[in-house]
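Asker: Take a look at the following structure, please.
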Amino acid sequence: ATLMVANHFRGPGETIFHSLFQVVSVISTTGHSVADWGEWPGLAVAVMFLLYFFGGCSGSTSGGVKCIRWLIYFKCLHRLLRKTIHPRGVFPIRVNGKPISENVLETAWVFLFLFLVCLGVSTLILVALGLDAATAFTATASALGNVGPNLGPLGPLATYDWMPGPAKGVLSVCMLLGRLEFYSFIILFIPEFWSK
């Protein structure tokens with residue numbers, strides 16, 4: 001915060017306001033920006049980038065992986081560690097005191113797998129289309145999370161107009177996948193869905 005006050009804002013109040021505004025904007029995926037946070041100190045930029053992957057609460061229209069899934073992933077990790085200590089133990093995963101079914105856990109893990117595969121494949125496609133690796137990765141993460149502002153040449157005060165058309169097409173598909181979520185989008189291409 002001291003570096004941000006010294007280099008970017010007039011005082012602690014302005015620093016707190018801009019920081020909180022940008023955090024809420026990124027997590028809620030509204031895409032608003034009141035400062036070029038890409039120019040903030042490295043740790044602040046890294047935290048903002050990590051928020052790309054969180055998104056809002058379950059049931060919201062925000063993008064990202066969603067906080068409830070991250071909670072489930074951490075609870076699964078905790079269960080795995082407990083089962084390592086107590087191999088015969090039974091440790092149901094609970095959220096708000098209610099057990100989560102194995103089907104829901106499987107769906108959450110498959111979602112993360114699809115998210116990471118799409119992130120990797122789309123990044124490689126953007127690199128093949130001429131973007132540098134860092135810009136391709138952050139642009140894909142931003143599109144999948146429906147965050148809006150990005151880093152580097154696609155920062156909060158920049159536009160995507162310089163990108164080649166096919167790259168914009170890839171990012172548009174990523175934005176659809178991020179907003180509609182993978183299952184809703186993929187099911188449209190399954191013939192069995194249309195035959196019912």
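Identifiers in this document derive from the order of the structure tokens: chains are assigned A, B, ..., residues are numbered from 1 separately in each chain, and ligands are numbered from 1 in order of occurrence.
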Could you produce a table of the residues of stretch 79-146 of chain A lying within 10 Å of stretch 32-49 of chain A, with the nearest pair of atoms per residue and their separation in Å rounded to one decimal, using only C-alpha atoms, ordered by chain and increasing residue number, as a tab-separated table?
Answerer:
residue	atom	partner	partner_atom	distance
A:Thr138	CA	A:Phe49	CA	7.9
A:Ala141	CA	A:Phe49	CA	8.6
A:Ser142	CA	A:Phe49	CA	8.6
Asker: Of the candidates A:Leu77, A:Leu50, A:Ile190, A:Val117, which shows the shortest atom-to-atom distance to A:Phe91, using only C-alpha atoms?
Answerer: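 Nearest candidate to A:Phe91 out of A:Leu77, A:Leu50, A:Ile190, A:Val117: A:Leu77.
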Asker: Can you list, as a list in words, every residue of stretch 23-104 of chain A that DSSP puts in strand (DSSP E)?
Answerer: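 Put together, the selection reads Arg94, Val95, Lys98 and Pro99 of chain A.
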Asker: The selected residues should be written to file as a PDB file, in the first residue's frame (atoms: N, CA, C and O atoms).
Answerer:
ATOM      1  N   ARG A  94     -19.143 -31.309   3.610  1.00  0.00           N
ATOM      2  CA  ARG A  94     -20.354 -30.570   3.935  1.00  0.00           C
ATOM      3  C   ARG A  94     -20.181 -29.089   3.620  1.00  0.00           C
ATOM      4  O   ARG A  94     -19.112 -28.534   3.822  1.00  0.00           O
ATOM      5  N   VAL A  95     -21.250 -28.488   3.142  1.00  0.00           N
ATOM      6  CA  VAL A  95     -21.315 -27.042   2.952  1.00  0.00           C
ATOM      7  C   VAL A  95     -22.575 -26.577   3.651  1.00  0.00           C
ATOM      8  O   VAL A  95     -23.666 -27.094   3.377  1.00  0.00           O
ATOM      9  N   LYS A  98     -24.704 -29.299   5.229  1.00  0.00           N
ATOM     10  CA  LYS A  98     -25.354 -30.304   4.387  1.00  0.00           C
ATOM     11  C   LYS A  98     -24.299 -31.063   3.592  1.00  0.00           C
ATOM     12  O   LYS A  98     -23.399 -30.460   3.009  1.00  0.00           O
ATOM     13  N   PRO A  99     -24.412 -32.402   3.544  1.00  0.00           N
ATOM     14  CA  PRO A  99     -23.416 -33.177   2.782  1.00  0.00           C
ATOM     15  C   PRO A  99     -23.548 -32.925   1.283  1.00  0.00           C
ATOM     16  O   PRO A  99     -24.649 -32.778   0.753  1.00  0.00           O
TER      17      PRO A  99
END
Asker: Rank A:Met163, A:Leu171, A:Ile187, A:Leu81 by their smallest atom-to-atom distance to A:Phe137, using only C-alpha atoms, and report the top residue only.
Answerer: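 Using only C-alpha atoms, the shortest distance to A:Phe137 belongs to A:Leu171.
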Asker: Write down as a ChimeraX atom specification the residues of stretch 40-139 of chain A whose backbone DSSP state falls under alpha helix (DSSP H).
Answerer: /A:42-51,67-85,102-128,133-139
Asker: Please provide the set of residues having any atom within 9 Å of A:Tyr73, restricted to only C-alpha atoms, with same-chain residues fewer than 5 positions apart removed, written as a list in words.
Answerer: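 These residues fall inside the cut-off: Ile68, His78, Leu105, Ala108 and Trp109 of chain A.
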Asker: Could those selected residues go to a file with N, CA, C and O atoms, as a compact mmCIF listing (two decimals), in the first residue's frame?
Answerer:
# COMPACT_ATOMS: atom_id res chain seq x y z
N ILE A 68 -17.92 -20.98 -4.59
CA ILE A 68 -18.42 -22.23 -4.00
C ILE A 68 -17.60 -23.43 -4.49
O ILE A 68 -17.34 -24.36 -3.73
N HIS A 78 -8.76 -31.13 2.01
CA HIS A 78 -8.74 -31.42 3.44
C HIS A 78 -9.15 -32.87 3.70
O HIS A 78 -8.54 -33.56 4.52
N LEU A 105 -19.59 -33.29 -6.48
CA LEU A 105 -18.13 -33.18 -6.41
C LEU A 105 -17.50 -33.49 -7.77
O LEU A 105 -16.60 -32.78 -8.23
N ALA A 108 -18.05 -30.63 -10.16
CA ALA A 108 -17.17 -29.50 -9.85
C ALA A 108 -15.76 -29.75 -10.37
O ALA A 108 -15.13 -28.85 -10.95
N TRP A 109 -15.25 -30.96 -10.19
CA TRP A 109 -13.89 -31.27 -10.66
C TRP A 109 -13.82 -31.30 -12.18
O TRP A 109 -12.83 -30.85 -12.77
Asker: Between atom CA of A:Trp70 and atom CA of A:Gly155, what distance in Å does the model show, to one decimal?
Answerer: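 Taking atom CA of A:Trp70 as the start and atom CA of A:Gly155 as the end point, the length is 26.4 Å.
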Asker: Using only C-alpha atoms, which of A:Thr140, A:Trp194, A:Ala158, A:Phe111 sits nearest A:Ser172?
Answerer: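 Answer, going by the shortest atom-to-atom distance: A:Thr140.
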Asker: If you measure from atom CA of A:His86 to atom CA of A:Glu102, what distance in Å do you get, rounded to one decimal?
Answerer: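 Interatomic distance, atom CA of A:His86 to atom CA of A:Glu102: 19.6 Å.
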Asker: So that I can check the surroundings of A:Gly55, please list as a list in words every protein, DNA and RNA residue that reaches within 9 Å of it, counting only C-alpha atoms and ignoring chain neighbours fewer than 6 positions away.
Answerer: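 The contact residues come out as Val26, Ile27, Ser28, Thr29, Ser62, Gly63, Gly64, Val65, Lys66, Cys67, Gly145, Asn146 and Val147 of chain A.
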Asker: Since we have the selection now, will you write its residues out, keeping N, CA and C atoms, as a compact mmCIF listing (two decimals), in the first residue's frame?
Answerer:
# COMPACT_ATOMS: atom_id res chain seq x y z
N VAL A 26 -13.35 -6.87 -10.42
CA VAL A 26 -12.79 -8.10 -10.98
C VAL A 26 -13.59 -9.32 -10.50
N ILE A 27 -13.89 -9.39 -9.21
CA ILE A 27 -14.59 -10.55 -8.69
C ILE A 27 -16.03 -10.62 -9.21
N SER A 28 -16.68 -9.48 -9.31
CA SER A 28 -18.07 -9.47 -9.79
C SER A 28 -18.15 -9.49 -11.31
N THR A 29 -17.01 -9.39 -11.97
CA THR A 29 -16.87 -9.41 -13.43
C THR A 29 -17.70 -8.33 -14.12
N SER A 62 -21.94 -13.90 -12.65
CA SER A 62 -20.53 -13.55 -12.83
C SER A 62 -19.78 -14.74 -13.44
N GLY A 63 -18.62 -14.45 -13.99
CA GLY A 63 -17.81 -15.51 -14.59
C GLY A 63 -16.89 -16.15 -13.57
N GLY A 64 -15.84 -16.76 -14.07
CA GLY A 64 -14.86 -17.38 -13.18
C GLY A 64 -15.29 -18.76 -12.72
N VAL A 65 -14.48 -19.35 -11.90
CA VAL A 65 -14.73 -20.71 -11.41
C VAL A 65 -15.85 -20.70 -10.37
N LYS A 66 -16.05 -19.64 -9.68
CA LYS A 66 -17.04 -19.40 -8.63
C LYS A 66 -16.48 -19.82 -7.26
N CYS A 67 -16.78 -19.02 -6.28
CA CYS A 67 -16.25 -19.23 -4.92
C CYS A 67 -16.69 -20.56 -4.32
N GLY A 145 -12.93 -15.80 -17.47
CA GLY A 145 -13.50 -15.29 -16.23
C GLY A 145 -14.48 -14.16 -16.44
N ASN A 146 -14.59 -13.68 -17.69
CA ASN A 146 -15.45 -12.53 -18.02
C ASN A 146 -15.11 -11.32 -17.17
N VAL A 147 -13.81 -11.13 -16.95
CA VAL A 147 -13.35 -10.06 -16.07
C VAL A 147 -13.42 -8.70 -16.75
Asker: Residues at most 8 Å from A:Leu154, counting only C-alpha atoms, excluding those fewer than 5 positions away in the same chain, as a list in words?
Answerer: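 Returned residues: Thr135, Ala139, Pro149, Thr159 and Tyr160 of chain A.
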Asker: For the residues selected in the previous step, produce a file with all heavy atoms as a PDB file, in the first residue's frame.
Answerer:
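Below is the file that was written, again.pdb:
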ATOM      1  N   THR A 135       0.626 -12.184 -22.756  1.00  0.00           N
ATOM      2  CA  THR A 135      -0.607 -11.523 -23.179  1.00  0.00           C
ATOM      3  C   THR A 135      -1.670 -12.553 -23.533  1.00  0.00           C
ATOM      4  O   THR A 135      -2.848 -12.402 -23.176  1.00  0.00           O
ATOM      5  CB  THR A 135      -0.346 -10.596 -24.388  1.00  0.00           C
ATOM      6  OG1 THR A 135       0.629  -9.627 -24.007  1.00  0.00           O
ATOM      7  CG2 THR A 135      -1.602  -9.897 -24.841  1.00  0.00           C
ATOM      8  N   ALA A 139      -5.060 -12.743 -21.431  1.00  0.00           N
ATOM      9  CA  ALA A 139      -6.268 -12.444 -22.210  1.00  0.00           C
ATOM     10  C   ALA A 139      -7.251 -13.604 -22.137  1.00  0.00           C
ATOM     11  O   ALA A 139      -8.463 -13.398 -21.990  1.00  0.00           O
ATOM     12  CB  ALA A 139      -5.899 -12.151 -23.663  1.00  0.00           C
ATOM     13  N   PRO A 149     -11.136  -5.964 -17.774  1.00  0.00           N
ATOM     14  CA  PRO A 149      -9.777  -5.406 -17.804  1.00  0.00           C
ATOM     15  C   PRO A 149      -8.725  -6.495 -17.765  1.00  0.00           C
ATOM     16  O   PRO A 149      -8.923  -7.557 -17.192  1.00  0.00           O
ATOM     17  CB  PRO A 149      -9.716  -4.561 -16.529  1.00  0.00           C
ATOM     18  CG  PRO A 149     -11.121  -4.279 -16.187  1.00  0.00           C
ATOM     19  CD  PRO A 149     -11.911  -5.455 -16.662  1.00  0.00           C
ATOM     20  N   THR A 159      -7.622  -1.238 -25.461  1.00  0.00           N
ATOM     21  CA  THR A 159      -8.689  -1.934 -26.184  1.00  0.00           C
ATOM     22  C   THR A 159      -8.112  -3.158 -26.888  1.00  0.00           C
ATOM     23  O   THR A 159      -6.895  -3.332 -26.968  1.00  0.00           O
ATOM     24  CB  THR A 159      -9.344  -1.022 -27.241  1.00  0.00           C
ATOM     25  OG1 THR A 159      -8.370  -0.717 -28.237  1.00  0.00           O
ATOM     26  CG2 THR A 159      -9.870   0.256 -26.616  1.00  0.00           C
ATOM     27  N   TYR A 160      -9.009  -3.963 -27.434  1.00  0.00           N
ATOM     28  CA  TYR A 160      -8.619  -5.171 -28.149  1.00  0.00           C
ATOM     29  C   TYR A 160      -8.564  -4.925 -29.658  1.00  0.00           C
ATOM     30  O   TYR A 160      -8.413  -5.858 -30.412  1.00  0.00           O
ATOM     31  CB  TYR A 160      -9.613  -6.295 -27.862  1.00  0.00           C
ATOM     32  CG  TYR A 160      -9.511  -6.885 -26.471  1.00  0.00           C
ATOM     33  CD1 TYR A 160      -9.885  -6.160 -25.350  1.00  0.00           C
ATOM     34  CD2 TYR A 160      -9.057  -8.176 -26.282  1.00  0.00           C
ATOM     35  CE1 TYR A 160      -9.807  -6.698 -24.080  1.00  0.00           C
ATOM     36  CE2 TYR A 160      -8.977  -8.734 -25.028  1.00  0.00           C
ATOM     37  CZ  TYR A 160      -9.354  -7.986 -23.919  1.00  0.00           C
ATOM     38  OH  TYR A 160      -9.266  -8.544 -22.675  1.00  0.00           O
TER      39      TYR A 160
END
Asker: One number please: atom CA of A:Leu126 to atom CA of A:Val170, in Å, one decimal.
Answerer: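 Here the two named atoms are 7.7 Å from each other.
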Asker: If you count only C-alpha atoms, which residues fall within 10 Å of A:Leu114, apart from same-chain ones fewer than 3 positions away, as a list in words?
Answerer: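 The contact residues come out as Trp109, Val110, Phe111, Val117, Cys118, Leu119, Gly120, Leu177, Glu181, Phe182 and Tyr183 of chain A.
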Asker: So which one's closest to A:Ser58, A:Glu106, A:Ser122, A:Thr15, A:Leu71? Using only C-alpha atoms, please.
Answerer: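 Using only C-alpha atoms, A:Ser58 sits closest to A:Leu71.
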